[in-house]
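The file model35.cif comes next; it holds mmCIF, C-alpha atoms.
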data_coords
#
loop_
_atom_site.label_atom_id
_atom_site.label_comp_id
_atom_site.auth_asym_id
_atom_site.auth_seq_id
_atom_site.Cartn_x
_atom_site.Cartn_y
_atom_site.Cartn_z
CA MET A 228 -27.94 14.43 29.40
CA THR A 229 -26.28 11.98 26.98
CA ALA A 230 -22.75 12.76 25.85
CA PRO A 231 -22.34 13.17 22.11
CA SER A 232 -20.92 10.20 20.22
CA THR A 233 -18.87 12.24 17.76
CA PRO A 234 -15.68 12.61 19.88
CA ARG A 235 -15.46 8.85 20.35
CA HIS A 236 -15.93 8.32 16.62
CA GLU A 237 -13.33 10.98 15.81
CA THR A 238 -10.78 9.33 18.09
CA SER A 239 -11.31 6.00 16.37
CA VAL A 240 -10.85 7.47 12.90
CA ARG A 241 -7.82 9.54 13.88
CA SER A 242 -6.28 6.49 15.52
CA ALA A 243 -6.76 4.60 12.25
CA ALA A 244 -5.08 7.47 10.38
CA ARG A 245 -2.15 7.26 12.79
CA TRP A 246 -1.77 3.50 12.27
CA ALA A 247 -1.97 3.93 8.49
CA GLY A 248 0.52 6.81 8.43
CA LEU A 249 3.05 5.09 10.68
CA GLY A 250 2.56 1.88 8.71
CA TYR A 251 3.36 3.70 5.49
CA LEU A 252 6.53 5.15 7.02
CA ALA A 253 7.61 1.63 8.02
CA ILE A 254 6.80 0.29 4.55
CA PHE A 255 8.83 3.02 2.87
CA ALA A 256 11.91 2.19 4.96
CA LEU A 257 11.56 -1.59 4.68
CA ALA A 258 10.76 -1.63 0.96
CA MET A 259 13.62 0.74 0.10
CA PHE A 260 16.05 -1.53 1.93
CA ALA A 261 14.68 -4.80 0.53
CA ASN A 262 14.17 -3.62 -3.04
CA PHE A 263 17.05 -1.27 -3.76
CA PHE A 264 19.72 -2.38 -1.28
CA VAL A 265 19.15 -6.16 -1.37
CA LEU A 266 17.56 -7.14 -4.69
CA GLU A 267 19.83 -4.84 -6.69
CA ARG A 268 22.81 -6.79 -5.31
CA VAL A 269 21.56 -10.35 -5.69
CA PHE A 270 19.21 -10.40 -8.69
CA ASP A 271 20.03 -9.65 -12.32
CA PRO A 272 16.98 -10.37 -14.52
CA ALA A 273 19.17 -10.49 -17.63
CA ASP A 274 22.01 -12.71 -16.32
CA ALA A 275 21.29 -16.02 -14.60
CA GLN A 276 24.91 -16.64 -13.63
CA ALA A 277 25.15 -13.19 -12.04
CA THR A 278 22.03 -13.98 -10.02
CA LEU A 279 23.47 -17.29 -8.80
CA ASP A 280 26.72 -15.60 -7.86
CA GLY A 281 24.87 -12.76 -6.16
CA VAL A 282 22.67 -15.05 -4.08
CA ALA A 283 25.58 -17.34 -3.17
CA ALA A 284 27.83 -14.45 -2.15
CA ASN A 285 25.16 -12.43 -0.34
CA GLY A 286 23.02 -15.10 1.30
CA GLY A 287 22.95 -13.32 4.65
CA LEU A 288 21.91 -10.05 3.01
CA LEU A 289 19.15 -11.82 1.06
CA ARG A 290 17.86 -13.32 4.30
CA TRP A 291 17.53 -9.82 5.77
CA GLY A 292 15.82 -8.69 2.57
CA ILE A 293 13.29 -11.51 2.89
CA ILE A 294 12.71 -10.54 6.53
CA ALA A 295 12.13 -6.93 5.44
CA PHE A 296 9.62 -8.01 2.78
CA ALA A 297 7.90 -10.25 5.35
CA ALA A 298 7.60 -7.23 7.64
CA VAL A 299 6.03 -5.28 4.76
CA PHE A 300 3.63 -8.20 4.31
CA LEU A 301 2.50 -7.89 7.95
CA VAL A 302 2.41 -4.09 8.09
CA ASP A 303 0.31 -3.96 4.91
CA ILE A 304 -2.41 -5.96 6.67
CA VAL A 305 -2.56 -3.30 9.39
CA VAL A 306 -2.58 -0.49 6.81
CA ALA A 307 -5.41 -2.15 4.86
CA TRP A 308 -7.49 -2.35 8.04
CA ALA A 309 -6.65 1.21 9.10
CA LEU A 310 -7.57 2.71 5.72
CA TYR A 311 -10.85 0.79 5.78
CA VAL A 312 -11.72 2.28 9.17
CA LEU A 313 -10.65 5.74 8.00
CA PHE A 314 -12.75 5.79 4.84
CA ARG A 315 -15.68 3.72 6.10
CA PRO A 316 -17.70 6.87 6.95
CA VAL A 317 -17.24 8.08 3.35
CA HIS A 318 -18.41 4.96 1.52
CA ARG A 319 -18.44 1.61 3.28
CA ASP A 320 -18.55 -0.57 0.14
CA LEU A 321 -15.73 1.23 -1.67
CA SER A 322 -13.66 1.24 1.51
CA LEU A 323 -14.12 -2.51 1.80
CA LEU A 324 -13.16 -2.98 -1.86
CA ALA A 325 -9.98 -0.95 -1.32
CA ALA A 326 -9.08 -3.07 1.70
CA TRP A 327 -9.67 -6.35 -0.14
CA ALA A 328 -7.58 -5.18 -3.10
CA ARG A 329 -4.67 -4.29 -0.81
CA LEU A 330 -4.97 -7.59 1.05
CA THR A 331 -4.94 -9.45 -2.29
CA TYR A 332 -1.66 -7.74 -3.14
CA THR A 333 -0.34 -8.65 0.31
CA VAL A 334 -1.13 -12.34 -0.23
CA PHE A 335 0.75 -12.32 -3.55
CA LEU A 336 3.76 -10.71 -1.88
CA GLY A 337 3.72 -13.44 0.78
CA VAL A 338 3.54 -16.19 -1.84
CA GLY A 339 6.35 -14.53 -3.79
CA LEU A 340 8.60 -14.67 -0.75
CA VAL A 341 8.39 -18.47 -0.86
CA PHE A 342 10.18 -18.36 -4.23
CA ALA A 343 12.84 -15.99 -2.83
CA VAL A 344 13.46 -18.45 0.01
CA ALA A 345 13.64 -21.27 -2.54
CA ALA A 346 16.33 -19.39 -4.50
CA LEU A 347 18.34 -18.99 -1.30
CA LEU A 348 18.03 -22.65 -0.35
CA ILE A 349 18.94 -23.86 -3.85
CA ALA A 350 22.04 -21.67 -3.97
CA GLU A 351 23.24 -22.53 -0.46
CA ASN A 352 22.27 -26.16 0.06
CA SER A 353 22.27 -27.88 -3.31
CA THR A 354 25.52 -29.27 -4.68
CA GLU A 355 23.89 -29.39 -8.11
CA ALA A 356 22.50 -25.86 -8.12
CA THR A 357 22.40 -24.29 -11.53
CA ALA A 358 22.12 -20.66 -12.50
CA ALA A 359 18.88 -21.46 -14.31
CA ASP A 360 17.30 -22.91 -11.14
CA VAL A 361 18.11 -19.87 -9.01
CA GLN A 362 17.14 -17.46 -11.77
CA LEU A 363 13.79 -19.20 -12.21
CA ALA A 364 13.07 -18.96 -8.49
CA MET A 365 13.96 -15.26 -8.38
CA ARG A 366 11.99 -14.54 -11.54
CA SER A 367 9.03 -16.35 -10.00
CA PHE A 368 9.33 -14.12 -6.93
CA GLU A 369 9.47 -11.03 -9.12
CA MET A 370 6.48 -11.96 -11.29
CA THR A 371 4.33 -13.08 -8.34
CA TRP A 372 5.02 -9.74 -6.68
CA LEU A 373 4.34 -7.83 -9.90
CA ILE A 374 1.02 -9.60 -10.51
CA GLY A 375 0.07 -8.73 -6.94
CA LEU A 376 0.90 -5.10 -7.71
CA THR A 377 -1.99 -5.03 -10.20
CA ALA A 378 -4.30 -5.51 -7.20
CA PHE A 379 -2.35 -2.80 -5.39
CA GLY A 380 -2.96 -0.55 -8.38
CA VAL A 381 -6.69 -1.21 -8.07
CA HIS A 382 -6.40 -0.37 -4.36
CA LEU A 383 -4.87 3.02 -5.16
CA ILE A 384 -7.50 3.77 -7.81
CA VAL A 385 -10.35 2.96 -5.42
CA LEU A 386 -8.60 4.97 -2.70
CA ALA A 387 -8.42 7.91 -5.10
CA ARG A 388 -12.14 7.53 -5.77
CA LEU A 389 -12.86 7.56 -2.04
CA MET A 390 -10.80 10.72 -1.64
CA SER A 391 -12.57 12.36 -4.58
CA VAL A 392 -15.90 12.08 -2.72
CA SER A 393 -14.38 13.07 0.63
CA ALA A 394 -14.82 16.62 1.86
CA GLY A 395 -11.46 18.31 2.36
CA ALA A 396 -9.27 15.67 0.65
CA PRO A 397 -6.51 17.27 -1.49
CA ARG A 398 -7.45 16.97 -5.16
CA TRP A 399 -3.82 16.81 -6.34
CA LEU A 400 -3.31 13.81 -4.08
CA THR A 401 -6.37 12.12 -5.55
CA VAL A 402 -4.96 12.52 -9.05
CA ALA A 403 -1.48 11.32 -8.03
CA LEU A 404 -2.85 8.16 -6.41
CA ALA A 405 -5.06 7.35 -9.42
CA VAL A 406 -2.13 7.82 -11.83
CA ALA A 407 0.10 5.67 -9.62
CA GLY A 408 -2.53 2.92 -9.56
CA VAL A 409 -2.76 2.89 -13.36
CA ALA A 410 1.04 2.93 -13.63
CA TYR A 411 1.38 -0.20 -11.47
CA ILE A 412 -1.11 -2.06 -13.66
CA VAL A 413 0.50 -0.91 -16.91
CA ASP A 414 3.99 -1.87 -15.69
CA THR A 415 2.92 -5.42 -14.84
CA GLY A 416 1.26 -5.74 -18.24
CA ALA A 417 4.45 -4.52 -19.91
CA HIS A 418 6.51 -7.12 -18.04
CA ILE A 419 4.30 -9.84 -19.48
CA LEU A 420 3.73 -8.47 -22.99
CA LEU A 421 7.18 -7.10 -23.85
CA ALA A 422 9.79 -9.78 -24.49
CA ASP A 423 12.48 -7.08 -24.36
CA TYR A 424 11.11 -5.30 -21.28
CA ALA A 425 14.68 -4.71 -20.08
CA SER A 426 15.13 -2.25 -22.95
CA TYR A 427 12.36 -0.08 -21.52
CA ALA A 428 12.96 -0.79 -17.82
CA ASP A 429 14.32 2.66 -16.99
CA THR A 430 11.35 4.36 -18.68
CA PHE A 431 8.83 2.25 -16.81
CA LEU A 432 10.70 2.83 -13.55
CA VAL A 433 10.12 6.56 -13.96
CA ILE A 434 6.50 6.03 -15.00
CA VAL A 435 5.81 4.01 -11.84
CA ALA A 436 8.13 5.66 -9.33
CA LEU A 437 7.24 9.31 -9.90
CA PRO A 438 3.47 9.18 -9.28
CA SER A 439 3.78 6.47 -6.61
CA VAL A 440 6.36 8.38 -4.57
CA VAL A 441 4.42 11.65 -4.88
CA GLY A 442 1.06 9.99 -4.23
CA GLU A 443 1.98 7.59 -1.43
CA LEU A 444 4.34 9.99 0.34
CA GLY A 445 1.68 12.68 0.08
CA LEU A 446 -0.88 10.24 1.44
CA THR A 447 1.41 9.47 4.38
CA VAL A 448 1.76 13.16 5.26
CA TRP A 449 -2.01 13.66 4.94
CA LEU A 450 -2.72 10.67 7.20
CA LEU A 451 -0.32 11.90 9.87
CA ARG A 452 -1.86 15.40 9.70
CA ILE A 453 -5.27 13.81 10.34
CA ALA A 454 -3.83 11.86 13.27
CA ALA A 455 -2.31 15.06 14.70
CA HIS A 456 -5.64 16.96 14.42
CA ARG A 457 -4.10 19.25 11.79
CA THR A 458 -6.78 18.50 9.22
CA ALA A 459 -10.31 17.11 9.22
CA THR A 460 -11.10 13.42 9.06
CA PRO A 461 -12.53 12.10 5.75
CA ALA A 462 -16.28 12.58 5.42
CA ALA A 463 -18.62 12.19 2.50
CA THR A 464 -19.39 15.41 0.63
CA SER A 465 -22.95 16.64 0.97
CA LEU A 466 -23.66 15.57 -2.61
CA GLU A 467 -22.31 12.04 -2.03
CA ALA A 468 -24.15 11.72 1.28
CA GLU A 469 -27.38 12.75 -0.41
CA ARG A 470 -26.82 10.23 -3.22
CA VAL A 471 -26.16 7.37 -0.77
CA SER A 472 -29.20 8.35 1.28
CA THR A 473 -31.36 8.34 -1.83
CA THR A 474 -30.02 4.95 -2.89
CA VAL A 475 -30.73 3.43 0.53
CA SER A 476 -34.22 4.86 0.54
#
Take the structure from the file and write it as structure tokens.
Amino acid sequence: MTAPSTPRHETSVRSAARWAGLGYLAIFALAMFANFFVLERVFDPADAQATLDGVAANGGLLRWGIIAFAAVFLVDIVVAWALYVLFRPVHRDLSLLAAWARLTYTVFLGVGLVFAVAALLIAENSTEATAADVQLAMRSFEMTWLIGLTAFGVHLIVLARLMSVSAGAPRWLTVALAVAGVAYIVDTGAHILLADYASYADTFLVIVALPSVVGELGLTVWLLRIAAHRTATPAATSLEAERVSTTVS
């Protein structure tokens, strides 16, 4: 008698959920430190001299911030893979698209870190460093990261679509992730289109932060519940499975 293959498949999917959930927890901690504890101290988008002074006075802190962002860069690769494995049984093509979108964001974050390192080196090693040079390097880091976040927004939207056709996925979480994805894209567009973006920065922070915290924190909890066998693994709804079967036929 042949043993059923389902338990082995379930273990693989739940393992992927565990990797994704733990990865998200790591990203939350690392990103909070790098973004709000480090960047807030060294980078002032509206004052080049303040940025130069901040980088020069807090070079060691900025180095740790860059290390934290680099760790996010690496963990995001694992999370992209884990989410692909998790949602592959629901819709392989959409799951692949979500993974590629997240990896695209990850590449932009990695490239952006080169500019952050450049700002550090200019401030610490150049006797002719100017505030404009350091500000340009930090602004280049910021904009490279923000442009990458448009791909991350696409990732969240596709992820929301995958959850919408998954049996048992929380519908409120689907909506939160979709709204967060749109918010990331809109915020990057506003950075580029609005010359006085700083005047609306607090408003856009709320627009982006609220759905992203609710959606991504909720996603983390859901992933860890899957890993702990507290909820079912994602599976295509009967209607979606029938549609895919018809398409293949």
- Message: Restricting the calculation to all atoms listed in the file: of A:Leu330, A:Leu444, A:Ala396, A:Ala462, which residue gets closest to A:Val306?
- Response: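 Using all atoms listed in the file, A:Val306 sits closest to A:Leu330.
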- For A:Ala247, list every protein, DNA or RNA residue within 12 Å, evaluated using only C-alpha atoms, and leave out those in the same chain fewer than 6 positions away; present the list as a ChimeraX atom specification. /A:240-241,253-254,302-314,443-444,446-454
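Closest approach to A:Leu289 among A:Ala350, A:Ala243, A:Ala455, A:Ala326: A:Ala350, based on all atoms listed in the file.
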- What separation in Å, quoted to one decimal, exists between atom CA of A:Ile434 and atom CA of A:Gly337? 25.2 Å
Calculate, to one decimal in Å, the centre and edge lengths of the box along x, y and z of the file that holds all listed atoms of stretch 247-262 of chain A with 4 Å of margin on each side, and present them as AutoDock Vina command-line options.
--center_x 7.0 --center_y 1.0 --center_z 3.8 --size_x 26.0 --size_y 19.6 --size_z 21.7
- Message: Could you tell me, as a list of chain:residue names, exactly which residues end up selected when the PyMOL selection byres ((chain A and resi 392) around 8) is applied to this structure?
- Response: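 When the PyMOL selection byres ((chain A and resi 392) around 8) is applied, the selected residues are A:Val317, A:Arg388, A:Leu389, A:Met390, A:Ser391, A:Ser393, A:Ala394, A:Ala463, A:Thr464, A:Glu467.
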- Message: List as an MDAnalysis selection string the protein and nucleic acid residues near stretch 256-270 of chain A, meaning an atom at most 6 Å away when all atoms listed in the file are counted, but skip any in the same chain fewer than 6 places from it.
- Response: chainID A and resid 278 281:282 292 295
Using the selection just defined, write its residues with C-alpha atoms as a short mmCIF file (atom, residue, chain, number, x, y, z; two decimals), in the frame of the given file.
data_model
loop_
_atom_site.label_atom_id
_atom_site.label_comp_id
_atom_site.auth_asym_id
_atom_site.auth_seq_id
_atom_site.Cartn_x
_atom_site.Cartn_y
_atom_site.Cartn_z
CA THR A 278 22.03 -13.98 -10.02
CA GLY A 281 24.87 -12.76 -6.16
CA VAL A 282 22.67 -15.05 -4.08
CA GLY A 292 15.82 -8.69 2.57
CA ALA A 295 12.13 -6.93 5.44
#
- Message: Please determine, counting only C-alpha atoms, which residue among A:Gly445, A:Asp271, A:Tyr251, A:Leu340 has the shortest atom-to-atom distance to A:Ile293.
- Response: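 For A:Ile293, the nearest of the given residues is A:Leu340.
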- For atom CA of A:Gln276 and atom CA of A:Leu363, determine how far apart the two atoms are, in Å to one decimal place.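 Rounded to one decimal, the two atoms are 11.5 Å apart.
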- Item | Two-atom distance - atom CA of A:Ile349, atom CA of A:Ala297 (Å) | 19.8 Å
- Between A:Leu404, A:Leu386, A:Leu420, A:Ala436, which is the closest to A:Arg315 once you count all atoms listed in the file?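 So, comparing all the options, the nearest one is A:Leu386.
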- Option closest in space to A:Val413, from A:Leu252, A:Val385, A:Ile374, A:Ala425 [counting all atoms listed in the file]: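 Selected residue with least distance to A:Val413: A:Ile374.
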- Name the residues in contact with A:Ile384 at a cut-off of 10 Å, using only C-alpha atoms, excluding same-chain residues fewer than 3 positions from it; report them as number ranges by chain. A: 325, 378-381, 387-390, 401-409
- Minimum-distance residue to A:Gly375, chosen among A:Phe300, A:Trp246, A:Trp291, A:Tyr332 (using only C-alpha atoms):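 Smallest distance to A:Gly375 is found for A:Tyr332.
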- Message: Please enumerate the residues selected by the PyMOL selection byres ((chain A and resi 415) around 8) when evaluated against the supplied file, formatted as a PyMOL selection string.
- Response: chain A and resi 373-374+376-377+411-414+416-419
